[in-house]
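Novice: This is the content of my_file.tsv (TSV, C-alpha atoms):
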```
chain	number	residue	atom	x	y	z
Y	1	MET	CA	8.62	-32.04	-46.59
Y	2	VAL	CA	8.52	-30.18	-43.30
Y	3	GLN	CA	11.27	-27.61	-42.89
Y	4	LEU	CA	12.58	-27.56	-39.32
Y	5	THR	CA	14.51	-24.73	-37.75
Y	6	GLN	CA	18.10	-25.29	-36.84
Y	7	VAL	CA	17.25	-25.39	-33.14
Y	8	LEU	CA	14.86	-28.24	-33.70
Y	9	CYS	CA	17.31	-29.96	-36.03
Y	10	LYS	CA	19.86	-30.02	-33.26
Y	11	TYR	CA	17.63	-32.01	-30.93
Y	12	MET	CA	16.17	-34.37	-33.50
Y	13	PRO	CA	17.25	-38.04	-33.48
Y	14	LYS	CA	20.33	-38.89	-35.51
Y	15	TRP	CA	18.52	-40.95	-38.12
Y	16	VAL	CA	16.47	-37.95	-39.31
Y	17	PRO	CA	18.10	-36.45	-42.43
Y	18	ARG	CA	19.44	-32.98	-41.66
Y	19	PHE	CA	19.58	-30.00	-44.00
Y	20	ARG	CA	23.21	-29.36	-44.83
Y	21	GLY	CA	23.78	-26.04	-46.56
Y	22	SER	CA	27.04	-25.35	-48.33
Y	23	ASN	CA	27.29	-21.80	-46.90
Y	24	LYS	CA	27.61	-22.41	-43.12
Y	25	SER	CA	27.93	-18.76	-42.02
Y	26	PHE	CA	24.84	-17.76	-44.02
Y	27	MET	CA	22.78	-20.46	-42.33
Y	28	ARG	CA	24.10	-19.39	-38.91
Y	29	LYS	CA	22.97	-15.81	-39.57
Y	30	GLN	CA	19.59	-17.01	-40.82
Y	31	HIS	CA	19.12	-18.94	-37.60
Y	32	LEU	CA	19.76	-15.81	-35.52
Y	33	LEU	CA	17.49	-13.67	-37.70
Y	34	SER	CA	14.68	-16.22	-37.34
Y	35	LEU	CA	14.59	-15.44	-33.61
Y	36	CYS	CA	14.28	-11.68	-34.30
Y	37	GLY	CA	11.01	-11.77	-36.20
Y	38	HIS	CA	9.11	-9.94	-33.44
Y	39	LEU	CA	11.49	-6.95	-33.34
Y	40	TYR	CA	10.88	-3.64	-35.10
Y	41	GLY	CA	12.64	-2.12	-38.13
Y	42	ARG	CA	16.22	-3.06	-39.07
Y	43	LYS	CA	16.52	-5.09	-35.87
Y	44	ARG	CA	14.84	-7.96	-37.71
Y	45	ASN	CA	16.64	-7.65	-41.05
Y	46	CYS	CA	20.26	-6.62	-40.54
Y	47	PHE	CA	22.45	-9.19	-38.84
Y	48	ARG	CA	24.77	-6.85	-36.92
Y	49	ILE	CA	21.86	-4.85	-35.46
Y	50	ALA	CA	19.75	-7.94	-34.93
Y	51	ARG	CA	22.46	-9.68	-32.92
Y	52	ARG	CA	22.76	-6.73	-30.55
Y	53	ALA	CA	18.99	-6.46	-30.15
Y	54	LEU	CA	18.63	-10.20	-29.60
Y	55	TYR	CA	21.20	-10.29	-26.81
Y	56	ARG	CA	19.38	-7.36	-25.22
Y	57	THR	CA	16.07	-9.27	-25.31
Y	58	PHE	CA	17.80	-12.21	-23.62
Y	59	GLU	CA	18.96	-9.92	-20.81
Y	60	ILE	CA	15.47	-8.45	-20.39
Y	61	SER	CA	13.80	-11.84	-20.35
Y	62	GLN	CA	16.28	-13.05	-17.73
Y	63	ASP	CA	15.38	-10.07	-15.53
Y	64	LYS	CA	11.70	-10.73	-16.03
Y	65	ARG	CA	12.11	-14.36	-14.99
Y	66	ARG	CA	13.52	-13.14	-11.67
Y	67	GLU	CA	10.79	-10.50	-11.28
Y	68	LYS	CA	8.08	-13.03	-12.01
Y	69	LYS	CA	8.67	-14.83	-8.71
Y	70	VAL	CA	8.33	-11.61	-6.70
Y	71	PHE	CA	5.31	-10.54	-8.74
Y	72	PHE	CA	3.37	-13.72	-8.04
Y	73	ARG	CA	4.34	-13.77	-4.38
Y	74	ASP	CA	2.98	-10.22	-4.02
Y	75	LEU	CA	-0.22	-11.19	-5.83
Y	76	PHE	CA	-0.79	-14.24	-3.62
Y	77	THR	CA	-0.11	-12.14	-0.52
Y	78	GLN	CA	-2.64	-9.54	-1.64
Y	79	ARG	CA	-5.25	-12.23	-2.29
Y	80	ILE	CA	-4.78	-13.88	1.11
Y	81	ASN	CA	-4.84	-10.43	2.70
Y	82	SER	CA	-8.25	-9.63	1.20
Y	83	ALA	CA	-9.58	-13.09	2.02
Y	84	CYS	CA	-8.49	-12.70	5.67
Y	85	ALA	CA	-10.09	-9.26	5.83
Y	86	GLU	CA	-13.42	-10.84	4.87
Y	87	HIS	CA	-13.20	-12.89	8.07
Y	88	ASP	CA	-11.90	-9.95	10.13
Y	89	LEU	CA	-8.41	-11.34	10.70
Y	90	GLN	CA	-5.12	-9.64	9.99
Y	91	TYR	CA	-2.82	-11.22	7.41
Y	92	LYS	CA	0.25	-11.12	9.66
Y	93	TYR	CA	-1.42	-13.30	12.31
Y	94	PHE	CA	-2.73	-15.74	9.70
Y	95	ILE	CA	0.60	-16.31	7.98
Y	96	THR	CA	2.65	-16.62	11.17
Y	97	ILE	CA	0.32	-18.82	13.22
Y	98	LEU	CA	-0.48	-21.40	10.52
Y	99	PRO	CA	3.01	-23.02	10.53
Y	100	GLN	CA	2.85	-23.16	14.34
Y	101	LEU	CA	-0.20	-25.41	13.89
Y	102	ASN	CA	1.75	-27.65	11.49
Y	103	VAL	CA	-0.34	-26.44	8.53
Y	104	GLU	CA	2.47	-26.05	6.04
Y	105	LEU	CA	0.66	-24.57	3.07
Y	106	ASP	CA	2.36	-21.94	0.95
Y	107	ARG	CA	0.88	-18.68	-0.29
Y	108	LYS	CA	-0.01	-20.04	-3.71
Y	109	ILE	CA	-2.12	-22.86	-2.29
Y	110	LEU	CA	-3.71	-20.63	0.36
Y	111	SER	CA	-4.75	-18.04	-2.24
Y	112	SER	CA	-6.22	-20.69	-4.52
Y	113	LEU	CA	-8.09	-22.12	-1.52
Y	114	ALA	CA	-9.48	-18.64	-0.83
Y	115	ILE	CA	-10.82	-18.44	-4.40
Y	116	TRP	CA	-11.98	-21.97	-5.14
Y	117	GLU	CA	-12.69	-23.41	-1.67
Y	118	PRO	CA	-13.74	-20.46	0.51
Y	119	ARG	CA	-15.16	-22.71	3.24
Y	120	THR	CA	-11.90	-24.61	3.59
Y	121	PHE	CA	-10.17	-21.27	3.90
Y	122	LYS	CA	-12.69	-20.15	6.51
Y	123	SER	CA	-11.94	-23.24	8.59
Y	124	LEU	CA	-8.23	-22.35	8.51
Y	125	VAL	CA	-9.05	-18.81	9.61
Y	126	GLU	CA	-11.11	-20.11	12.52
Y	127	LEU	CA	-8.27	-22.39	13.49
Y	128	VAL	CA	-5.94	-19.40	13.65
Y	129	LYS	CA	-8.48	-17.36	15.63
Y	130	ALA	CA	-8.85	-20.17	18.16
Y	131	LYS	CA	-5.08	-20.41	18.52
Y	132	ARG	CA	-4.84	-16.66	19.10
Y	133	CYS	CA	-7.52	-16.79	21.80
Y	134	GLU	CA	-5.83	-19.75	23.46
Y	135	GLU	CA	-2.42	-18.11	23.61
Y	136	GLY	CA	-3.68	-14.62	24.41
Y	137	ILE	CA	-0.78	-12.86	22.72
Y	138	ASP	CA	-2.13	-9.32	23.10
Y	139	GLU	CA	-5.09	-7.63	24.72
Y	140	ALA	CA	-7.35	-7.93	21.66
Y	141	ALA	CA	-6.74	-11.68	21.54
Y	142	ARG	CA	-7.43	-12.11	25.26
Y	143	ASN	CA	-10.75	-10.24	25.08
Y	144	ALA	CA	-11.96	-12.01	21.93
Y	145	THR	CA	-14.34	-14.94	22.24
Y	146	PRO	CA	-13.06	-18.12	20.59
Y	147	PRO	CA	-15.03	-19.17	17.47
Y	148	ALA	CA	-17.57	-21.95	17.94
Y	149	GLY	CA	-16.94	-25.41	16.55
Y	150	VAL	CA	-13.15	-25.49	16.88
Y	151	ILE	CA	-11.88	-28.29	19.12
Y	152	THR	CA	-8.45	-27.58	20.56
Y	153	ARG	CA	-6.12	-29.87	22.44
Y	154	GLY	CA	-7.06	-28.52	25.88
Y	155	MET	CA	-10.75	-29.27	25.36
Y	156	LEU	CA	-10.35	-32.97	24.65
M	157	MET	CA	-22.07	-22.46	-26.74
M	158	SER	CA	-20.15	-23.21	-23.61
M	159	ASN	CA	-20.75	-26.22	-21.45
M	160	LEU	CA	-21.50	-24.21	-18.31
M	161	THR	CA	-24.61	-25.23	-16.44
M	162	LYS	CA	-27.12	-22.61	-15.40
M	163	PHE	CA	-25.88	-22.84	-11.83
M	164	ARG	CA	-22.23	-22.35	-12.76
M	165	ARG	CA	-23.07	-19.49	-15.13
M	166	THR	CA	-25.01	-17.67	-12.40
M	167	GLN	CA	-22.18	-18.34	-9.98
M	168	GLN	CA	-19.74	-16.70	-12.38
M	169	TRP	CA	-22.00	-13.67	-12.84
M	170	LEU	CA	-22.21	-13.28	-9.08
M	171	THR	CA	-18.46	-13.66	-8.65
M	172	PHE	CA	-17.53	-11.01	-11.20
M	173	ALA	CA	-20.45	-8.64	-10.52
M	174	ARG	CA	-19.57	-5.11	-9.49
M	175	LEU	CA	-20.80	-4.53	-5.95
M	176	TRP	CA	-22.00	-1.17	-4.66
M	177	TYR	CA	-20.62	-0.10	-1.29
M	178	LEU	CA	-21.75	2.76	0.93
M	179	TYR	CA	-19.28	4.83	2.93
M	180	ASP	CA	-20.29	7.46	5.49
M	181	ALA	CA	-17.56	10.14	5.58
M	182	THR	CA	-18.86	11.91	8.69
M	183	TYR	CA	-15.87	13.07	10.81
M	184	GLN	CA	-13.52	10.72	8.93
M	185	ASP	CA	-9.95	11.52	7.97
M	186	VAL	CA	-9.79	12.34	4.24
M	187	PHE	CA	-6.49	10.64	3.50
M	188	ASP	CA	-7.07	7.51	5.58
M	189	SER	CA	-10.52	6.98	4.09
M	190	ALA	CA	-9.16	7.62	0.58
M	191	ILE	CA	-6.82	4.64	0.99
M	192	VAL	CA	-9.72	2.37	1.99
M	193	ILE	CA	-12.05	3.68	-0.73
M	194	ALA	CA	-9.37	3.23	-3.40
M	195	GLN	CA	-8.90	-0.40	-2.35
M	196	TYR	CA	-12.61	-1.08	-2.78
M	197	LEU	CA	-12.71	0.79	-6.12
M	198	ARG	CA	-9.91	-1.38	-7.50
M	199	GLY	CA	-11.45	-4.58	-6.14
M	200	MET	CA	-8.63	-5.29	-3.68
M	201	ASN	CA	-11.16	-6.55	-1.11
M	202	LYS	CA	-11.84	-9.64	-3.24
M	203	PRO	CA	-9.64	-12.76	-3.24
M	204	ILE	CA	-9.86	-12.86	-7.07
M	205	TYR	CA	-8.11	-9.48	-7.34
M	206	ASP	CA	-5.63	-9.28	-10.21
M	207	HIS	CA	-4.31	-5.92	-11.31
M	208	VAL	CA	-3.07	-7.07	-14.71
M	209	ARG	CA	-5.43	-9.50	-16.32
M	210	GLN	CA	-8.88	-8.49	-15.12
M	211	ASP	CA	-10.82	-5.54	-13.69
M	212	VAL	CA	-12.87	-6.62	-10.66
M	213	GLY	CA	-13.51	-3.16	-9.24
M	214	ASN	CA	-16.54	-2.08	-7.24
M	215	HIS	CA	-18.69	1.05	-7.05
M	216	VAL	CA	-18.39	3.18	-3.93
M	217	VAL	CA	-21.05	5.69	-2.87
M	218	VAL	CA	-19.70	8.20	-0.35
M	219	ILE	CA	-22.15	10.33	1.62
M	220	ASN	CA	-21.62	13.33	3.93
M	221	THR	CA	-18.39	14.41	2.22
M	222	SER	CA	-18.93	17.96	3.49
M	223	LYS	CA	-18.23	16.67	7.02
M	224	VAL	CA	-14.81	15.12	6.34
M	225	SER	CA	-11.95	15.94	8.68
M	226	MET	CA	-8.23	16.56	8.33
M	227	PRO	CA	-5.48	16.22	10.94
M	228	VAL	CA	-4.57	19.28	13.02
M	229	ASP	CA	-3.98	22.31	10.75
M	230	GLU	CA	-4.08	20.44	7.47
M	231	TRP	CA	-7.08	22.45	6.22
M	232	LYS	CA	-4.91	25.54	6.49
M	233	TRP	CA	-1.59	24.25	5.21
M	234	ARG	CA	-2.50	21.86	2.43
M	235	MET	CA	-2.46	23.71	-0.92
M	236	TYR	CA	-4.04	22.59	-4.17
M	237	SER	CA	-2.73	24.05	-7.42
M	238	HIS	CA	-4.54	24.68	-10.69
M	239	HIS	CA	-3.10	25.83	-14.01
M	240	SER	CA	-5.23	27.56	-16.64
M	241	ARG	CA	-2.58	26.75	-19.33
M	242	TYR	CA	-1.97	30.46	-19.99
M	243	GLY	CA	1.23	32.21	-18.95
M	244	GLY	CA	1.18	33.02	-15.26
M	245	GLY	CA	-2.05	31.10	-14.94
M	246	GLN	CA	-1.13	28.97	-11.96
M	247	THR	CA	-3.22	29.53	-8.85
M	248	TRP	CA	-3.16	27.94	-5.43
M	249	ALA	CA	-5.97	27.43	-2.97
M	250	ALA	CA	-5.89	26.12	0.59
M	251	ALA	CA	-7.93	23.01	1.39
M	252	HIS	CA	-10.57	24.91	3.37
M	253	GLU	CA	-11.09	27.38	0.50
M	254	LEU	CA	-11.53	24.57	-2.01
M	255	HIS	CA	-13.83	22.71	0.38
M	256	SER	CA	-16.08	25.74	0.79
M	257	LYS	CA	-16.48	25.97	-3.01
M	258	ASP	CA	-17.10	22.26	-3.66
M	259	PRO	CA	-17.53	19.95	-0.64
M	260	THR	CA	-16.68	16.80	-2.63
M	261	ILE	CA	-13.45	17.83	-4.37
M	262	VAL	CA	-11.02	17.31	-1.48
M	263	LEU	CA	-12.00	13.67	-1.09
M	264	TYR	CA	-12.07	13.22	-4.87
M	265	LYS	CA	-8.47	14.41	-5.21
M	266	ALA	CA	-7.30	12.23	-2.32
M	267	VAL	CA	-8.89	9.12	-3.88
M	268	TYR	CA	-7.54	10.09	-7.32
M	269	LYS	CA	-4.04	10.06	-5.91
M	270	GLU	CA	-4.47	6.68	-4.22
M	271	VAL	CA	-6.04	4.99	-7.25
M	272	GLY	CA	-3.21	6.15	-9.50
M	273	SER	CA	-0.48	4.91	-7.21
M	274	ALA	CA	-0.07	1.73	-9.26
M	275	PRO	CA	3.48	1.34	-10.57
M	276	ARG	CA	2.69	2.25	-14.16
M	277	ALA	CA	3.85	5.28	-16.12
M	278	VAL	CA	0.51	5.73	-17.86
M	279	ASN	CA	-2.31	4.38	-15.75
M	280	LEU	CA	-5.08	3.43	-18.12
M	281	ILE	CA	-7.27	2.01	-15.35
M	282	ARG	CA	-7.49	5.26	-13.42
M	283	SER	CA	-10.26	7.10	-15.28
M	284	PRO	CA	-12.73	4.18	-15.51
M	285	THR	CA	-12.01	3.43	-11.84
M	286	MET	CA	-12.72	7.00	-10.78
M	287	ALA	CA	-15.96	6.93	-12.79
M	288	ARG	CA	-17.19	4.31	-10.31
M	289	LEU	CA	-16.85	6.71	-7.37
M	290	HIS	CA	-20.05	8.56	-6.46
M	291	LEU	CA	-19.63	11.46	-4.04
M	292	PHE	CA	-22.46	13.29	-2.30
M	293	PRO	CA	-22.02	16.26	0.06
M	294	ASP	CA	-24.98	15.23	2.25
M	295	ALA	CA	-27.02	12.10	2.96
M	296	CYS	CA	-29.32	12.56	-0.07
M	297	ILE	CA	-28.69	9.83	-2.65
M	298	PRO	CA	-30.64	9.59	-5.94
M	299	PRO	CA	-33.01	6.60	-5.82
M	300	GLU	CA	-31.46	4.91	-8.89
M	301	ILE	CA	-28.11	4.77	-7.08
M	302	LYS	CA	-29.65	3.93	-3.70
M	303	ALA	CA	-31.34	0.86	-5.18
M	304	ASN	CA	-27.97	-0.70	-6.11
M	305	ILE	CA	-26.24	-0.43	-2.73
M	306	CYS	CA	-25.68	-3.85	-1.16
M	307	ASP	CA	-23.05	-3.36	1.55
M	308	GLN	CA	-21.16	-0.75	3.52
M	309	ILE	CA	-17.50	-0.05	4.25
M	310	ARG	CA	-16.32	0.13	7.84
M	311	GLN	CA	-15.35	3.64	8.93
M	312	VAL	CA	-11.67	4.31	9.57
M	313	GLN	CA	-12.18	6.06	12.93
M	314	PRO	CA	-14.97	6.31	15.52
M	315	VAL	CA	-17.42	9.20	15.08
M	316	LEU	CA	-16.96	11.53	18.02
M	317	LYS	CA	-19.81	13.59	19.47
M	318	SER	CA	-19.39	17.34	19.83
M	319	LEU	CA	-20.86	19.46	22.62
M	320	LYS	CA	-23.75	20.47	20.35
M	321	ASP	CA	-24.86	16.84	20.00
M	322	TYR	CA	-25.49	16.45	23.74
M	323	SER	CA	-28.80	17.67	25.19
M	324	GLU	CA	-28.87	20.31	27.92
M	325	GLU	CA	-29.88	17.76	30.56
M	326	GLU	CA	-26.84	15.60	29.82
M	327	VAL	CA	-24.55	18.62	30.01
M	328	GLU	CA	-26.01	19.66	33.37
M	329	LYS	CA	-25.72	16.12	34.75
M	330	PHE	CA	-22.03	15.93	33.86
M	331	PRO	CA	-20.06	16.08	37.17
M	332	LYS	CA	-18.37	19.42	37.79
M	333	ILE	CA	-14.92	19.63	39.31
M	334	VAL	CA	-15.28	23.18	40.66
M	335	ASP	CA	-17.93	25.88	40.74
M	336	TYR	CA	-17.09	29.35	39.49
M	337	PRO	CA	-16.73	31.93	42.29
M	338	GLU	CA	-19.49	34.51	42.45
M	339	ASP	CA	-17.29	37.40	41.35
M	340	TYR	CA	-15.88	35.48	38.33
M	341	VAL	CA	-16.65	37.14	34.96
M	342	VAL	CA	-17.19	34.67	32.09
M	343	LYS	CA	-15.85	36.10	28.84
```
Rewrite the coordinates I just gave you, this time as structure tokens.
Specialist:
Amino acid sequence: MVQLTQVLCKYMPKWVPRFRGSNKSFMRKQHLLSLCGHLYGRKRNCFRIARRALYRTFEISQDKRREKKVFFRDLFTQRINSACAEHDLQYKYFITILPQLNVELDRKILSSLAIWEPRTFKSLVELVKAKRCEEGIDEAARNATPPAGVITRGML
Amino acid sequence: MSNLTKFRRTQQWLTFARLWYLYDATYQDVFDSAIVIAQYLRGMNKPIYDHVRQDVGNHVVVINTSKVSMPVDEWKWRMYSHHSRYGGGQTWAAAHELHSKDPTIVLYKAVYKEVGSAPRAVNLIRSPTMARLHLFPDACIPPEIKANICDQIRQVQPVLKSLKDYSEEEVEKFPKIVDYPEDYVVK
């Protein structure tokens, strides 16, 4: 017989026989303590301390879920930044000019392209360089020679 | 045994290999070049950079550290402290004094600060990262280190020529605005 936790019992189908203890409050406490197994000292044994510690872990994990999004965005930005530097292009030009060319890829995809498909990424970089030369935004862009092999709309 | 082919295995070795970069510190700003060197030491120039799960850092060989430069009067005003751990044992030295004793230590301290600027209370990556920095006061590199170098880092500012670097002919050819009068006494 497989013993399921109370959480799993709750979401099992109705026809599965459920464990029904006579002492309801004891079982409720046991359920909470089962989630505190990873904590240190009396936080995992004593109910009153465990409840406080458990609610605190919930708060921390909620914060971390928010931070996770920022963390990964920063990591992807850093990876694209280094990949652009390999091709001698600044990140700010790359990320602003791509949507103007209707290339609507996000940072996650761009960074994975830089790692796994470096030649695809290089083609995107050359596209951006050609666009910069064509527009001539600043002096550096006007003096730069456009990369070979990129066909723009004016050429056709 | 893994299912990697020989090609894929070699590709992985090449991807995660530590590269050796050369940096010429002649007439370069200490603090600006420390930022760039720290990025290469931590592997931030690679698209696979990840500061939590893996260490993809490189080696950096810096030559001519005795010729580094600092902005305006920074050599005079920047103080470095040292504590001997006895009472009243704290001493201070200006940057130019420290540089005259050891021509590599000013750049070492600048890079040490930049490498440790990760948002961690105890930075465990710092000491192994700094062990990958090789500083030399002049252009002489030991052959075992020289054999590993595969690329170089772009300098942060152009190397300017001083008056000593020009030959006498070039100095004489340079167009004069005025001639000194005959009774003028040059100090």
Novice: Show me, as JSON lines, the residues of chain M having an atom within 10 Å of chain Y, each with the closest atom pair and its distance in Å, using only C-alpha atoms.
Specialist:
```
{"residue": "M:Thr171", "atom": "CA", "partner": "Y:Ile115", "partner_atom": "CA", "distance": 10.0}
{"residue": "M:Gln195", "atom": "CA", "partner": "Y:Ser82", "partner_atom": "CA", "distance": 9.9}
{"residue": "M:Gly199", "atom": "CA", "partner": "Y:Ser82", "partner_atom": "CA", "distance": 9.5}
{"residue": "M:Met200", "atom": "CA", "partner": "Y:Ser82", "partner_atom": "CA", "distance": 6.5}
{"residue": "M:Asn201", "atom": "CA", "partner": "Y:Ser82", "partner_atom": "CA", "distance": 4.8}
{"residue": "M:Lys202", "atom": "CA", "partner": "Y:Ser82", "partner_atom": "CA", "distance": 5.7}
{"residue": "M:Pro203", "atom": "CA", "partner": "Y:Arg79", "partner_atom": "CA", "distance": 4.5}
{"residue": "M:Ile204", "atom": "CA", "partner": "Y:Ile115", "partner_atom": "CA", "distance": 6.3}
{"residue": "M:Tyr205", "atom": "CA", "partner": "Y:Arg79", "partner_atom": "CA", "distance": 6.4}
{"residue": "M:Asp206", "atom": "CA", "partner": "Y:Leu75", "partner_atom": "CA", "distance": 7.2}
{"residue": "M:His207", "atom": "CA", "partner": "Y:Leu75", "partner_atom": "CA", "distance": 8.6}
```
Novice: Go ahead and dump the residues you just picked, C-alpha atoms, as a short mmCIF file (atom, residue, chain, number, x, y, z; two decimals), keeping the file's coordinate frame.
Specialist:
```
data_model
loop_
_atom_site.label_atom_id
_atom_site.label_comp_id
_atom_site.auth_asym_id
_atom_site.auth_seq_id
_atom_site.Cartn_x
_atom_site.Cartn_y
_atom_site.Cartn_z
CA THR M 171 -18.46 -13.66 -8.65
CA GLN M 195 -8.90 -0.40 -2.35
CA GLY M 199 -11.45 -4.58 -6.14
CA MET M 200 -8.63 -5.29 -3.68
CA ASN M 201 -11.16 -6.55 -1.11
CA LYS M 202 -11.84 -9.64 -3.24
CA PRO M 203 -9.64 -12.76 -3.24
CA ILE M 204 -9.86 -12.86 -7.07
CA TYR M 205 -8.11 -9.48 -7.34
CA ASP M 206 -5.63 -9.28 -10.21
CA HIS M 207 -4.31 -5.92 -11.31
#
```
Novice: At a cut-off of 9 Å from (-8.8, 18.2, 8.9) in the coordinates of the file, what residues are picked up using all atoms listed in the file, written as a list of chain:residue names?
Specialist: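 Output: M:Tyr183, M:Gln184, M:Asp185, M:Val186, M:Val224, M:Ser225, M:Met226, M:Pro227, M:Val228, M:Asp229, M:Glu230, M:Trp231, M:Lys232, M:Ala251, M:His252.
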Novice: Expressed in Å to a single decimal, how great is the separation between CA of Ala303 in chain M and CA of Gln168 in chain M?
Specialist: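 About the pair CA of Ala303 in chain M and CA of Gln168 in chain M: they are 22.2 Å apart.
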Novice: Give me the residues within 10 Å of range 281-286 of chain M as a VMD selection string, counting all atoms listed in the file and dropping any in the same chain fewer than 2 places off.
Specialist: chain M and resid 194 197 to 199 207 211 213 to 216 264 267 to 274 278 to 279 288 to 290
Novice: Using CA of Ile60 in chain Y and CA of His31 in chain Y as the two end points, give the distance in Å to one decimal.
Specialist: 20.5 Å
Novice: Which distance in Å separates CA of Arg119 in chain Y and CA of Ala140 in chain Y, to one decimal?
Specialist: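 Those two atoms sit 24.9 Å apart.
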Novice: Would you mind listing what lies within 10 Å of Arg142 in chain Y as number ranges by chain, with only C-alpha atoms counted and same-chain residues fewer than 5 positions away left out?
Specialist: Y: 132-137
Novice: Contacts of Ala266 in chain M at 9 Å or less, counting all atoms listed in the file, minus same-chain residues fewer than 6 places along, as a list in words?
Specialist: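 Final neighbour list, sorted by chain and number: Val186, Phe187, Ser189, Ala190 and Ile191 of chain M.
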Novice: Could you name the residues that touch Glu126 in chain Y at 8 Å or less, counting only C-alpha atoms, but leaving out those on the same chain fewer than 4 positions away, as a PyMOL selection string?
Specialist: chain Y and resi 122+130+147+150
Novice: Please, can range 237-251 of chain M be completed to N, CA and C atoms and returned as an mmCIF file, keeping the file's coordinate frame?
Specialist:
```
data_model
loop_
_atom_site.group_PDB
_atom_site.id
_atom_site.type_symbol
_atom_site.label_atom_id
_atom_site.label_comp_id
_atom_site.auth_asym_id
_atom_site.auth_seq_id
_atom_site.Cartn_x
_atom_site.Cartn_y
_atom_site.Cartn_z
ATOM 1 N N SER M 237 -3.070 23.140 -6.320
ATOM 2 C CA SER M 237 -2.730 24.050 -7.420
ATOM 3 C C SER M 237 -3.602 23.776 -8.628
ATOM 4 N N HIS M 238 -3.783 24.809 -9.444
ATOM 5 C CA HIS M 238 -4.540 24.680 -10.690
ATOM 6 C C HIS M 238 -3.881 25.560 -11.734
ATOM 7 N N HIS M 239 -3.720 25.061 -12.943
ATOM 8 C CA HIS M 239 -3.100 25.830 -14.010
ATOM 9 C C HIS M 239 -4.087 26.011 -15.147
ATOM 10 N N SER M 240 -4.268 27.279 -15.570
ATOM 11 C CA SER M 240 -5.230 27.560 -16.640
ATOM 12 C C SER M 240 -4.618 27.374 -18.029
ATOM 13 N N ARG M 241 -3.327 26.995 -18.105
ATOM 14 C CA ARG M 241 -2.580 26.750 -19.330
ATOM 15 C C ARG M 241 -2.261 28.043 -20.082
ATOM 16 N N TYR M 242 -2.485 29.190 -19.480
ATOM 17 C CA TYR M 242 -1.970 30.460 -19.990
ATOM 18 C C TYR M 242 -0.749 30.834 -19.158
ATOM 19 N N GLY M 243 0.054 31.771 -19.679
ATOM 20 C CA GLY M 243 1.230 32.210 -18.950
ATOM 21 C C GLY M 243 0.836 32.864 -17.644
ATOM 22 N N GLY M 244 1.511 32.464 -16.570
ATOM 23 C CA GLY M 244 1.180 33.020 -15.260
ATOM 24 C C GLY M 244 -0.180 32.614 -14.764
ATOM 25 N N GLY M 245 -0.675 31.492 -15.271
ATOM 26 C CA GLY M 245 -2.050 31.100 -14.940
ATOM 27 C C GLY M 245 -2.166 30.133 -13.799
ATOM 28 N N GLN M 246 -1.073 29.937 -13.056
ATOM 29 C CA GLN M 246 -1.130 28.970 -11.960
ATOM 30 C C GLN M 246 -1.662 29.641 -10.703
ATOM 31 N N THR M 247 -2.645 28.992 -10.090
ATOM 32 C CA THR M 247 -3.220 29.530 -8.850
ATOM 33 C C THR M 247 -3.190 28.450 -7.792
ATOM 34 N N TRP M 248 -3.148 28.889 -6.535
ATOM 35 C CA TRP M 248 -3.160 27.940 -5.430
ATOM 36 C C TRP M 248 -4.334 28.267 -4.513
ATOM 37 N N ALA M 249 -4.883 27.222 -3.940
ATOM 38 C CA ALA M 249 -5.970 27.430 -2.970
ATOM 39 C C ALA M 249 -5.745 26.491 -1.804
ATOM 40 N N ALA M 250 -6.005 26.977 -0.594
ATOM 41 C CA ALA M 250 -5.890 26.120 0.590
ATOM 42 C C ALA M 250 -7.066 25.147 0.608
ATOM 43 N N ALA M 251 -6.914 24.070 1.385
ATOM 44 C CA ALA M 251 -7.930 23.010 1.390
ATOM 45 C C ALA M 251 -9.284 23.534 1.849
#
```
